[in-house]
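Coordinates from query-v5.cif are shown below (mmCIF, C-alpha atoms and all ligand atoms).
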```
data_coords
loop_
_atom_site.label_atom_id
_atom_site.label_comp_id
_atom_site.auth_asym_id
_atom_site.auth_seq_id
_atom_site.Cartn_x
_atom_site.Cartn_y
_atom_site.Cartn_z
CA VAL A 1 201.34 136.14 -18.77
CA SER A 2 202.06 139.82 -19.26
CA PRO A 3 200.59 141.53 -22.32
CA LEU A 4 204.16 142.16 -23.46
CA ALA A 5 205.17 138.50 -23.43
CA ARG A 6 201.84 137.46 -24.90
CA VAL A 7 202.18 139.83 -27.81
CA ALA A 8 205.84 139.05 -28.42
CA VAL A 9 205.48 135.29 -28.26
CA GLY A 10 202.21 135.30 -30.14
CA ALA A 11 203.42 137.39 -33.06
CA ARG A 12 202.06 135.00 -35.64
CA VAL A 13 198.78 134.67 -33.77
CA ALA A 14 198.41 138.44 -33.49
CA VAL A 15 198.82 138.87 -37.22
CA ALA A 16 196.33 136.09 -37.87
CA VAL A 17 193.81 137.66 -35.51
CA THR A 18 194.11 140.97 -37.31
CA ARG A 19 193.54 139.26 -40.62
CA MET A 20 190.24 137.96 -39.36
CA ARG A 21 189.10 141.32 -38.06
CA ALA A 22 187.40 142.15 -41.31
CA ALA A 23 185.47 145.14 -40.00
CA ASN A 24 188.59 147.24 -39.42
CA TYR A 25 190.54 145.82 -42.27
CA ASP A 26 191.61 148.53 -44.65
CA SER A 27 194.03 148.89 -47.53
CA LEU A 28 196.91 149.78 -45.20
CA ASP A 29 196.40 146.53 -43.28
CA GLN A 30 196.25 144.70 -46.56
CA MET A 31 199.62 146.15 -47.61
CA LEU A 32 201.16 145.45 -44.20
CA TYR A 33 199.99 141.88 -43.84
CA GLU A 34 199.67 140.66 -47.40
CA GLY A 35 201.66 143.04 -49.61
CA THR A 36 204.17 141.41 -51.96
CA ASP A 37 206.50 143.03 -54.49
CA SER A 38 205.94 146.25 -52.60
CA TYR A 39 209.16 147.80 -53.87
CA ARG A 40 208.24 147.66 -57.56
CA GLY A 41 205.48 150.20 -57.88
CA ASP A 42 204.95 153.88 -57.17
CA TRP A 43 202.98 154.22 -53.94
CA ALA A 44 203.14 157.99 -53.53
CA ALA A 45 199.42 158.64 -54.23
CA GLN A 46 198.27 155.73 -52.06
CA ARG A 47 200.69 156.77 -49.31
CA PHE A 48 199.26 160.28 -49.32
CA ASP A 49 195.78 158.81 -48.74
CA TRP A 50 197.02 156.63 -45.88
CA VAL A 51 198.74 159.59 -44.24
CA LEU A 52 195.66 161.77 -44.71
CA GLU A 53 193.43 159.11 -43.16
CA ALA A 54 195.76 158.76 -40.17
CA LEU A 55 195.92 162.53 -39.79
CA ASP A 56 192.13 162.68 -39.72
CA HIS A 57 192.10 160.03 -37.00
CA HIS A 58 194.65 161.78 -34.76
CA LEU A 59 193.05 165.19 -35.12
CA VAL A 60 189.93 163.62 -33.63
CA HIS A 61 191.44 161.19 -31.10
CA SER A 62 194.57 162.91 -29.81
CA GLN A 63 193.87 166.07 -27.85
CA PRO A 64 197.56 167.09 -27.60
CA TYR A 65 197.96 166.67 -31.35
CA LYS A 66 194.76 168.55 -32.08
CA ARG A 67 196.00 171.45 -29.97
CA LEU A 68 199.38 171.38 -31.64
CA ALA A 69 197.67 171.59 -35.06
CA GLN A 70 195.44 174.44 -33.89
CA GLY A 71 198.43 176.27 -32.44
CA MET A 72 200.14 176.09 -35.81
CA GLY A 73 197.05 177.17 -37.73
CA PHE A 74 196.96 173.86 -39.60
CA ARG A 75 193.91 173.14 -41.75
CA ILE A 76 193.39 169.76 -43.37
CA SER A 77 191.77 171.47 -46.38
CA ASP A 78 195.07 173.25 -47.13
CA LEU A 79 196.79 169.88 -47.23
CA GLU A 80 194.12 168.35 -49.46
CA GLU A 81 194.41 171.24 -51.90
CA SER A 82 198.19 171.60 -52.01
CA ARG A 83 199.11 167.92 -51.31
CA ASN A 84 202.17 169.41 -49.61
CA LEU A 85 203.10 166.98 -46.83
CA ASP A 86 205.41 169.58 -45.27
CA LEU A 87 202.25 171.21 -43.85
CA ILE A 88 201.57 168.31 -41.46
CA PRO A 89 202.41 169.26 -37.86
CA LEU A 90 205.31 167.19 -36.56
CA LEU A 91 205.98 165.99 -33.05
CA SER A 92 209.56 166.23 -31.90
CA SER A 93 211.12 163.23 -30.20
CA GLY A 94 211.11 165.50 -27.15
CA SER A 95 207.34 165.38 -26.87
CA PHE A 96 207.54 161.63 -26.17
CA LYS A 97 210.16 162.28 -23.51
CA GLN A 98 207.60 164.48 -21.80
CA ASN A 99 205.18 161.56 -21.85
CA LEU A 100 202.40 163.59 -23.48
CA PHE A 101 200.76 160.60 -25.06
CA GLY A 102 200.80 158.10 -22.22
CA ILE A 103 197.42 158.99 -20.77
CA GLU A 104 195.30 156.06 -21.89
CA THR A 105 195.42 152.89 -19.83
CA ASN A 106 194.70 150.27 -22.47
CA VAL A 107 198.10 150.54 -24.11
CA MET A 108 201.58 149.06 -23.92
CA ARG A 109 204.17 151.63 -22.96
CA CYS A 110 207.25 151.17 -25.11
CA ALA A 111 210.21 152.96 -23.61
CA SER A 112 213.72 153.67 -24.78
CA SER A 113 216.47 155.56 -23.07
CA GLY A 114 217.89 158.35 -25.19
CA THR A 115 221.51 159.25 -25.61
CA MET A 116 221.07 162.20 -23.25
CA GLY A 117 219.63 160.10 -20.47
CA SER A 118 216.02 161.00 -21.13
CA ILE A 119 213.37 158.31 -21.65
CA SER A 120 210.91 158.25 -24.52
CA VAL A 121 207.58 156.61 -23.76
CA VAL A 122 205.36 155.65 -26.68
CA PRO A 123 201.90 154.20 -25.97
CA ARG A 124 200.81 151.42 -28.32
CA ASP A 125 197.39 149.78 -28.38
CA ALA A 126 196.85 146.25 -29.67
CA ARG A 127 196.19 147.23 -33.26
CA THR A 128 199.21 149.54 -33.38
CA ILE A 129 201.44 146.72 -32.11
CA GLU A 130 199.93 144.28 -34.59
CA ARG A 131 200.82 146.70 -37.35
CA PHE A 132 204.34 147.06 -36.00
CA ILE A 133 204.69 143.28 -36.06
CA GLY A 134 203.15 143.35 -39.54
CA SER A 135 205.84 145.75 -40.72
CA ILE A 136 208.53 143.31 -39.53
CA ALA A 137 206.81 140.36 -41.22
CA HIS A 138 206.40 142.44 -44.38
CA GLY A 139 210.11 143.28 -44.50
CA MET A 140 211.21 139.72 -43.71
CA LYS A 141 209.12 138.55 -46.65
CA GLU A 142 210.44 141.23 -49.01
CA PHE A 143 214.13 141.14 -48.10
CA PHE A 144 214.95 137.61 -46.92
CA ASP A 145 214.62 134.18 -48.47
CA GLN A 146 212.46 132.64 -45.78
CA THR A 147 212.34 128.88 -45.41
CA GLU A 148 210.83 126.44 -42.96
CA ARG A 149 214.34 125.43 -41.92
CA GLN A 150 215.23 128.86 -40.56
CA ARG A 151 216.00 129.09 -36.86
CA GLY A 152 216.28 132.29 -34.86
CA PHE A 153 219.35 132.88 -32.68
CA ILE A 154 218.53 135.99 -30.70
CA LEU A 155 221.45 137.64 -28.93
CA GLY A 156 218.98 139.34 -26.65
CA PRO A 157 216.77 138.53 -23.65
CA ARG A 158 213.68 136.33 -23.78
CA PRO A 159 210.48 138.35 -24.35
CA GLU A 160 209.39 137.98 -20.71
CA GLU A 161 212.72 139.44 -19.55
CA ALA A 162 212.84 142.21 -22.14
CA ARG A 163 210.39 144.42 -20.20
CA ASP A 164 209.56 147.61 -22.03
CA LEU A 165 212.96 148.36 -23.48
CA TRP A 166 212.04 148.89 -27.03
CA PHE A 167 215.03 147.52 -28.85
CA ALA A 168 215.14 144.39 -26.73
CA TYR A 169 211.45 143.93 -27.32
CA SER A 170 211.95 144.35 -31.07
CA TRP A 171 214.25 141.38 -31.13
CA SER A 172 211.68 139.24 -29.43
CA LEU A 173 209.37 139.88 -32.35
CA THR A 174 211.59 137.69 -34.43
CA SER A 175 209.52 134.93 -32.90
CA LEU A 176 208.19 134.96 -36.45
CA TYR A 177 210.61 132.07 -36.82
CA ASN A 178 209.54 128.49 -36.15
CA ASP A 179 212.31 127.89 -33.67
CA VAL A 180 213.97 130.56 -31.56
CA ASP A 181 216.64 130.59 -28.87
CA TYR A 182 217.69 133.55 -26.72
CA PHE A 183 221.24 134.02 -25.47
CA VAL A 184 221.10 136.89 -23.01
CA ARG A 185 220.44 136.20 -19.31
CA GLY A 186 220.14 139.19 -17.07
CA GLU A 187 222.24 141.73 -18.92
CA SER A 188 224.96 139.45 -20.21
CA LEU A 189 225.53 137.47 -23.36
CA GLN A 190 225.93 133.70 -22.99
CA ALA A 191 228.62 133.68 -25.65
CA GLU A 192 229.71 130.08 -25.25
CA ALA A 193 226.14 128.77 -25.37
CA ALA A 194 225.46 130.88 -28.49
CA TYR A 195 228.60 129.61 -30.18
CA GLU A 196 227.83 125.96 -29.34
CA ALA A 197 224.26 126.30 -30.62
CA LEU A 198 225.50 127.87 -33.85
CA ARG A 199 228.11 125.15 -34.25
CA ALA A 200 225.40 122.49 -33.89
CA ALA A 201 223.30 124.35 -36.49
CA GLU A 202 226.28 124.50 -38.83
CA ALA A 203 226.42 120.70 -38.82
CA ASP A 204 222.64 120.26 -39.12
CA ASP A 205 221.23 120.10 -42.67
CA ASN A 206 217.81 121.09 -41.37
CA ALA A 207 218.91 124.30 -39.65
CA GLU A 208 219.47 127.65 -41.32
CA PRO A 209 220.57 130.14 -38.66
CA ALA A 210 219.26 133.68 -38.61
CA ILE A 211 221.16 135.62 -35.96
CA ALA A 212 219.49 138.77 -34.67
CA ALA A 213 221.47 141.08 -32.40
CA SER A 214 222.37 144.61 -31.53
CA PRO A 215 225.77 145.52 -32.97
CA SER A 216 227.30 145.56 -29.47
CA MET A 217 226.04 142.03 -28.61
CA LEU A 218 227.32 140.70 -31.90
CA VAL A 219 230.70 142.32 -31.26
CA ALA A 220 230.75 140.58 -27.85
CA LEU A 221 230.15 137.20 -29.52
CA LEU A 222 232.84 137.84 -32.16
CA GLU A 223 235.31 138.88 -29.45
CA TRP A 224 234.59 135.73 -27.47
CA MET A 225 235.14 133.63 -30.60
CA ALA A 226 238.40 135.46 -31.36
CA ALA A 227 239.63 134.96 -27.79
CA HIS A 228 238.94 131.23 -28.10
CA GLY A 229 240.42 130.96 -31.58
CA VAL A 230 237.23 129.58 -33.15
CA SER A 231 235.20 130.46 -36.22
CA LEU A 232 232.15 129.15 -38.07
CA ASP A 233 231.31 128.53 -41.70
CA LEU A 234 227.64 129.47 -41.91
CA GLY A 235 227.91 130.68 -45.51
CA GLN A 236 227.33 127.15 -46.79
CA LYS A 237 223.64 127.53 -46.04
CA ASN A 238 220.94 130.17 -46.16
CA SER A 239 222.13 132.03 -43.04
CA TRP A 240 221.66 135.62 -41.97
CA VAL A 241 222.91 138.17 -39.53
CA ILE A 242 220.37 140.86 -38.74
CA THR A 243 221.51 143.77 -36.61
CA ALA A 244 218.85 145.94 -35.05
CA GLY A 245 218.19 148.58 -32.51
CA GLY A 246 221.72 149.64 -31.84
CA TRP A 247 222.33 152.18 -34.52
CA LYS A 248 222.62 155.15 -32.19
CA LYS A 249 224.53 153.20 -29.57
CA ALA A 250 226.85 151.84 -32.24
CA ALA A 251 227.53 155.37 -33.45
CA GLN A 252 228.42 156.35 -29.90
CA ALA A 253 230.72 153.40 -29.41
CA GLN A 254 232.39 154.30 -32.71
CA ILE A 255 231.89 150.82 -34.12
CA ASP A 256 233.49 150.98 -37.53
CA GLN A 257 230.88 149.52 -39.90
CA VAL A 258 233.41 148.29 -42.45
CA ALA A 259 235.64 146.59 -39.88
CA PHE A 260 232.54 145.22 -38.12
CA ARG A 261 231.19 143.60 -41.28
CA ALA A 262 234.60 142.22 -42.20
CA ASP A 263 234.76 140.64 -38.76
CA VAL A 264 231.33 139.03 -39.18
CA VAL A 265 232.40 137.62 -42.54
CA ARG A 266 235.67 136.28 -41.07
CA ARG A 267 234.28 134.76 -37.87
CA LEU A 268 230.90 133.47 -39.04
CA GLY A 269 231.75 132.69 -42.65
CA LEU A 270 228.77 134.62 -44.01
CA ALA A 271 228.54 136.38 -47.36
CA PRO A 272 228.61 140.18 -46.84
CA THR A 273 225.23 140.45 -48.62
CA ASN A 274 223.65 138.31 -45.87
CA ILE A 275 224.52 140.82 -43.16
CA ARG A 276 221.65 143.28 -42.81
CA ASP A 277 220.95 146.21 -40.58
CA ILE A 278 217.34 147.13 -39.89
CA PHE A 279 216.34 150.57 -38.69
CA ASN A 280 213.72 151.61 -36.19
CA MET A 281 213.39 154.19 -33.46
CA VAL A 282 211.00 153.99 -30.55
CA GLU A 283 208.60 156.62 -31.93
CA LEU A 284 208.39 154.92 -35.32
CA ASN A 285 205.88 152.09 -35.81
CA SER A 286 207.55 150.73 -38.93
CA ILE A 287 210.84 148.98 -39.58
CA ILE A 288 213.13 149.98 -42.44
CA PHE A 289 215.03 147.06 -43.98
CA GLU A 290 218.33 146.93 -45.78
CA CYS A 291 218.65 145.16 -49.15
CA GLU A 292 221.48 142.98 -50.44
CA ALA A 293 223.14 146.11 -51.85
CA GLY A 294 223.18 147.71 -48.39
CA ALA A 295 220.48 150.33 -49.09
CA LYS A 296 217.70 151.09 -46.58
CA HIS A 297 214.45 150.94 -48.54
CA VAL A 298 211.52 152.92 -47.13
CA PRO A 299 208.35 150.75 -47.02
CA PRO A 300 205.44 151.85 -49.24
CA TRP A 301 203.21 153.24 -46.48
CA LEU A 302 205.92 155.33 -44.79
CA GLU A 303 206.83 158.87 -45.88
CA VAL A 304 210.37 159.87 -44.95
CA SER A 305 211.76 163.28 -45.79
CA ALA A 306 214.90 165.26 -45.01
CA ARG A 307 213.99 168.74 -43.77
CA SER A 308 215.81 172.03 -43.57
CA PRO A 309 216.57 172.75 -39.89
CA TYR A 310 215.55 176.39 -40.47
CA ASP A 311 212.03 176.13 -41.86
CA LEU A 312 211.36 172.35 -41.80
CA LYS A 313 210.75 172.32 -45.55
CA THR A 314 211.74 169.20 -47.44
CA VAL A 315 215.16 169.64 -49.05
CA GLU A 316 216.13 168.40 -52.52
CA PRO A 317 216.49 164.60 -52.98
CA GLY A 318 219.90 163.47 -51.79
CA GLU A 319 220.52 166.60 -49.71
CA VAL A 320 221.21 166.21 -46.01
CA GLY A 321 218.46 167.32 -43.65
CA VAL A 322 216.75 166.55 -40.35
CA LEU A 323 214.81 163.33 -40.90
CA ALA A 324 211.04 163.50 -40.56
CA TYR A 325 208.67 160.52 -40.64
CA LEU A 326 204.98 160.40 -41.54
CA ASP A 327 203.95 156.93 -40.39
CA PRO A 328 200.22 156.23 -40.85
CA SER A 329 200.39 152.87 -39.06
CA PRO A 330 200.13 153.87 -35.37
CA LEU A 331 196.61 154.60 -34.11
CA SER A 332 197.21 155.20 -30.38
CA TYR A 333 199.63 158.09 -30.99
CA PRO A 334 200.40 160.29 -34.02
CA GLY A 335 203.27 158.86 -36.05
CA PHE A 336 204.28 162.24 -37.48
CA ILE A 337 207.76 162.62 -36.06
CA LEU A 338 210.63 165.05 -36.39
CA SER A 339 213.62 162.94 -35.38
CA ASP A 340 216.97 164.13 -34.14
CA ASP A 341 218.84 162.29 -36.87
CA LEU A 342 220.43 163.78 -39.95
CA GLY A 343 220.25 161.95 -43.25
CA THR A 344 219.24 161.91 -46.86
CA VAL A 345 216.31 160.53 -48.83
CA SER A 346 216.98 159.69 -52.45
CA ASP A 347 214.94 158.31 -55.33
CA ASP A 348 217.97 156.98 -57.17
CA PRO A 349 217.55 153.45 -58.52
CA CYS A 350 219.13 150.69 -56.42
CA SER A 351 221.25 147.95 -57.96
CA CYS A 352 219.03 145.38 -56.22
CA GLY A 353 216.19 146.27 -58.61
CA ARG A 354 213.80 147.66 -55.99
CA ASN A 355 212.56 151.19 -56.47
CA GLY A 356 211.18 153.86 -54.19
CA PRO A 357 212.91 156.11 -51.64
CA ILE A 358 216.20 155.08 -50.02
CA LEU A 359 217.11 156.40 -46.60
CA THR A 360 220.67 157.09 -45.53
CA LEU A 361 221.40 158.10 -41.95
CA THR A 362 224.42 160.31 -41.63
CA ARG A 363 224.62 161.41 -38.03
CA ARG A 364 222.70 162.43 -35.00
CA LEU A 365 222.00 166.06 -34.21
CA GLU A 366 223.59 167.07 -30.98
CA ALA A 367 221.11 168.32 -28.42
CA ILE A 368 218.39 169.18 -30.89
CA GLU A 369 216.17 170.18 -27.99
CA GLU A 370 218.37 173.22 -27.55
CA ARG A 371 218.12 174.24 -31.18
CA GLY A 372 215.52 176.49 -32.68
CA CYS A 373 213.09 174.19 -34.43
CA GLY A 374 213.23 171.33 -31.95
CA LEU A 375 212.63 173.64 -29.04
CA LYS A 376 209.73 175.33 -30.75
CA MET A 377 208.10 172.03 -31.69
CA SER A 378 208.26 170.56 -28.22
CA ARG A 379 206.99 173.81 -26.71
CA TYR A 380 203.99 173.69 -28.98
CA ALA A 381 203.27 170.15 -27.90
CA SER A 382 203.77 170.77 -24.20
CA ALA A 383 201.67 173.93 -24.24
CA GLY A 384 198.94 171.84 -25.86
CA ALA A 385 199.04 169.27 -23.10
CA GLU A 386 198.58 171.85 -20.40
CA LEU A 387 195.55 173.53 -21.96
ZN ZN B 401 218.33 147.92 -52.86
#
```

The structure given in the file should be rewritten as structure tokens.
Ligand SMILES: [Zn+2]
Amino acid sequence: VSPLARVAVGARVAVAVTRMRAANYDSLDQMLYEGTDSYRGDWAAQRFDWVLEALDHHLVHSQPYKRLAQGMGFRISDLEESRNLDLIPLLSSGSFKQNLFGIETNVMRCASSGTMGSISVVPRDARTIERFIGSIAHGMKEFFDQTERQRGFILGPRPEEARDLWFAYSWSLTSLYNDVDYFVRGESLQAEAAYEALRAAEADDNAEPAIAASPSMLVALLEWMAAHGVSLDLGQKNSWVITAGGWKKAAQAQIDQVAFRADVVRRLGLAPTNIRDIFNMVELNSIIFECEAGAKHVPPWLEVSARSPYDLKTVEPGEVGVLAYLDPSPLSYPGFILSDDLGTVSDDPCSCGRNGPILTLTRRLEAIEERGCGLKMSRYASAGAEL
């Protein structure tokens, strides 16, 4: 069995194993694996400590990152004094495309093809993957009513076929469910089989379907159903549609979110509040979940900020900027990432009752590698690797 399949299939086991590993068990693990009501408190101070601890770790263990920090004249004491997180050196998405962090052998290489044809490769060791899985389990617990009757319908390949494509692999992690079926063989959706399985679940009092798919796969299922003049009424039970991994692709394909959701409601009979999008990108080791009000709530350990493209300083809450992530959960690579997405981070209260930062993605920067800050950042990182 490949490490990939083992990890994906054994998601529950992996989390359990980590729980037992008391020696390395810190407060971040505790939040990831056991945290409840995590969207009620103010975690800013604790988050700063987690980020600082991770920064300490990467400055020691990652030579490219250490050189990047030195090149920028970064001193950890300045950060400790000012508590200004803008000081932390960021890696551009471009540095993962140059494969700067794939040197170690004892890691899983998670790859994703970018919109410009380039491939990002992110090396994850066992503990980093366990934490990634933990962030999914944490969000499922916080945002979904989980029951023993829930069954996973994955419109994606089986874990052993998913290879290292990150978004496909993400779906396989929904093996957190007791019972899971996969409906992609090779590259294609088995629409009829998916529909028949869902129809059987609709009639079964002991089945509550949770459908996980990329937006494009879900559209393919809905189109098949429309072509065959069939629909389902899954709203009678605790059913969910979870879309994941296809945000950038969906933006490219111009999938109209409003029309898309209306179609899901019409064909599957679900309440609009039970359709949720979850956000991740290959460089990020945490998942960002959407609440019943449609807001993407940033988990307590993750710092997300919108930065000015000119000086990378954090802009005012609610203002559009280049999104930057300080993720303390990965250990085998630094999770301090300047993305090529534009968006806002706001502290406004959400009607769902949860508090803390809310992320809104607006659009993708075009060819950030050719712009000032992105170019400079990836040059820093690549110069570091050659030293
Ligand atoms: Zn909310």

Query raised in the report: Taking only C-alpha atoms and all ligand atoms into account, which residues are within 9 Å of ligand ZN 401 (chain B), as a ChimeraX atom specification?
Result: /A:290-297,349-355,358

Output the selection as a compact mmCIF listing (two decimals), in the frame of the given file - C-alpha atoms for each residue.
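Produced file result-v8.txt, reproduced below:
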```
# COMPACT_ATOMS: atom_id res chain seq x y z
CA GLU A 290 218.33 146.93 -45.78
CA CYS A 291 218.65 145.16 -49.15
CA GLU A 292 221.48 142.98 -50.44
CA ALA A 293 223.14 146.11 -51.85
CA GLY A 294 223.18 147.71 -48.39
CA ALA A 295 220.48 150.33 -49.09
CA LYS A 296 217.70 151.09 -46.58
CA HIS A 297 214.45 150.94 -48.54
CA PRO A 349 217.55 153.45 -58.52
CA CYS A 350 219.13 150.69 -56.42
CA SER A 351 221.25 147.95 -57.96
CA CYS A 352 219.03 145.38 -56.22
CA GLY A 353 216.19 146.27 -58.61
CA ARG A 354 213.80 147.66 -55.99
CA ASN A 355 212.56 151.19 -56.47
CA ILE A 358 216.20 155.08 -50.02
```

Requested in this report: Go ahead and compute the interatomic distance for atom CA of A:Leu189 and atom CA of A:Ile119, in Å to one decimal.
Outcome: 24.2 Å

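Residue nearest A:Leu91 within the list A:Gly41, A:Gly35, A:Gly134, A:Gly335: A:Gly335 [criterion: smallest interatomic distance, all atoms listed in the file].
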
Query raised in the report: What lies within 8 Å of A:Ala213 using all atoms listed in the file, ignoring chain neighbours under 6 positions off, as a PyMOL selection string?
Result: chain A and resi 154-156+171+241-244

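The shortest atom-to-atom distance to A:Ser95, with all atoms listed in the file taken into account, belongs to A:Ser339 out of A:Leu359, A:Arg151, A:Phe183, A:Ser339.
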
Query - All residues 9 Å or closer to A:Val345, all atoms listed in the file, same chain fewer than 3 positions away omitted, as a PyMOL selection string - result: chain A and resi 304-306+316-321+323+357-361

Listed atoms of stretch 90-100 of chain A boxed axis-aligned with 8 Å per side, centre + edges as AutoDock Vina command-line options:
```
--center_x 206.8 --center_y 164.4 --center_z -29.2 --size_x 24.7 --size_y 21.6 --size_z 30.8
```

**Report entry** Atom pair atom CA of A:Pro334 / atom CA of A:Phe289: separation (Å)
**Finding:** 22.1 Å

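Each of A:Leu268, A:Val184, A:Ala203, A:Leu331 was checked against A:Ile129 using all atoms listed in the file; the smallest atom-to-atom distance is that of A:Leu331.
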
**Report entry** Between atom CA of A:Asp56 and atom CA of A:Glu130, distance in Å (one decimal)
**Finding:** 20.6 Å

Report summary line: Nearest to A:Val122, restricted to all atoms listed in the file and choosing among A:Pro299, A:Gly139, A:Pro157, A:Pro330, comes out as A:Pro330

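Contact shell of A:Met72 at 9 Å (only C-alpha atoms; same-chain neighbours under 3 positions omitted): Arg67, Leu68, Ala69, Pro89 and Tyr380 of chain A.
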
For the residues selected in the previous step, produce a file with C-alpha atoms as an mmCIF file, in the frame of the given file.
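Final output, out-v7.cif:
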```cif
data_model
loop_
_atom_site.group_PDB
_atom_site.id
_atom_site.type_symbol
_atom_site.label_atom_id
_atom_site.label_comp_id
_atom_site.auth_asym_id
_atom_site.auth_seq_id
_atom_site.Cartn_x
_atom_site.Cartn_y
_atom_site.Cartn_z
ATOM 1 C CA ARG A 67 196.000 171.450 -29.970
ATOM 2 C CA LEU A 68 199.380 171.380 -31.640
ATOM 3 C CA ALA A 69 197.670 171.590 -35.060
ATOM 4 C CA PRO A 89 202.410 169.260 -37.860
ATOM 5 C CA TYR A 380 203.990 173.690 -28.980
#
```

Requested in this report: With a distance cut-off of 12 Å and all atoms listed in the file, select the neighbouring residues of A:Val219, excluding the residue or stretch itself and same-chain residues fewer than 3 positions from it, and output the selection as number ranges by chain.
Outcome: A: 155, 189, 191, 213-216, 222-226, 243, 246, 250, 253, 255-257, 259-264, 267-268

Report task. Rank nothing, just name the residue among A:Ser62, A:Ser332, A:Ser82, A:Gln98 nearest to A:Asp125, using all atoms listed in the file. Result -> A:Ser332

**Report entry** Selection near A:Glu202, 9 Å with all atoms listed in the file, sequence-local residues under 6 positions removed, as a VMD selection string
**Finding:** chain A and resid 208 to 209 232 to 234 236 to 237

Could those selected residues go to a file with C-alpha atoms, as a compact mmCIF listing (two decimals), in the coordinates of the input?
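Result file out_7.txt:
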```txt
# COMPACT_ATOMS: atom_id res chain seq x y z
CA GLU A 208 219.47 127.65 -41.32
CA PRO A 209 220.57 130.14 -38.66
CA LEU A 232 232.15 129.15 -38.07
CA ASP A 233 231.31 128.53 -41.70
CA LEU A 234 227.64 129.47 -41.91
CA GLN A 236 227.33 127.15 -46.79
CA LYS A 237 223.64 127.53 -46.04
```

Report task. Point out the residue among A:Ala227, A:Leu284, A:Trp301, A:Asp78 with the least atom-to-atom distance to A:Ser93, counting all atoms listed in the file. Result -> A:Leu284
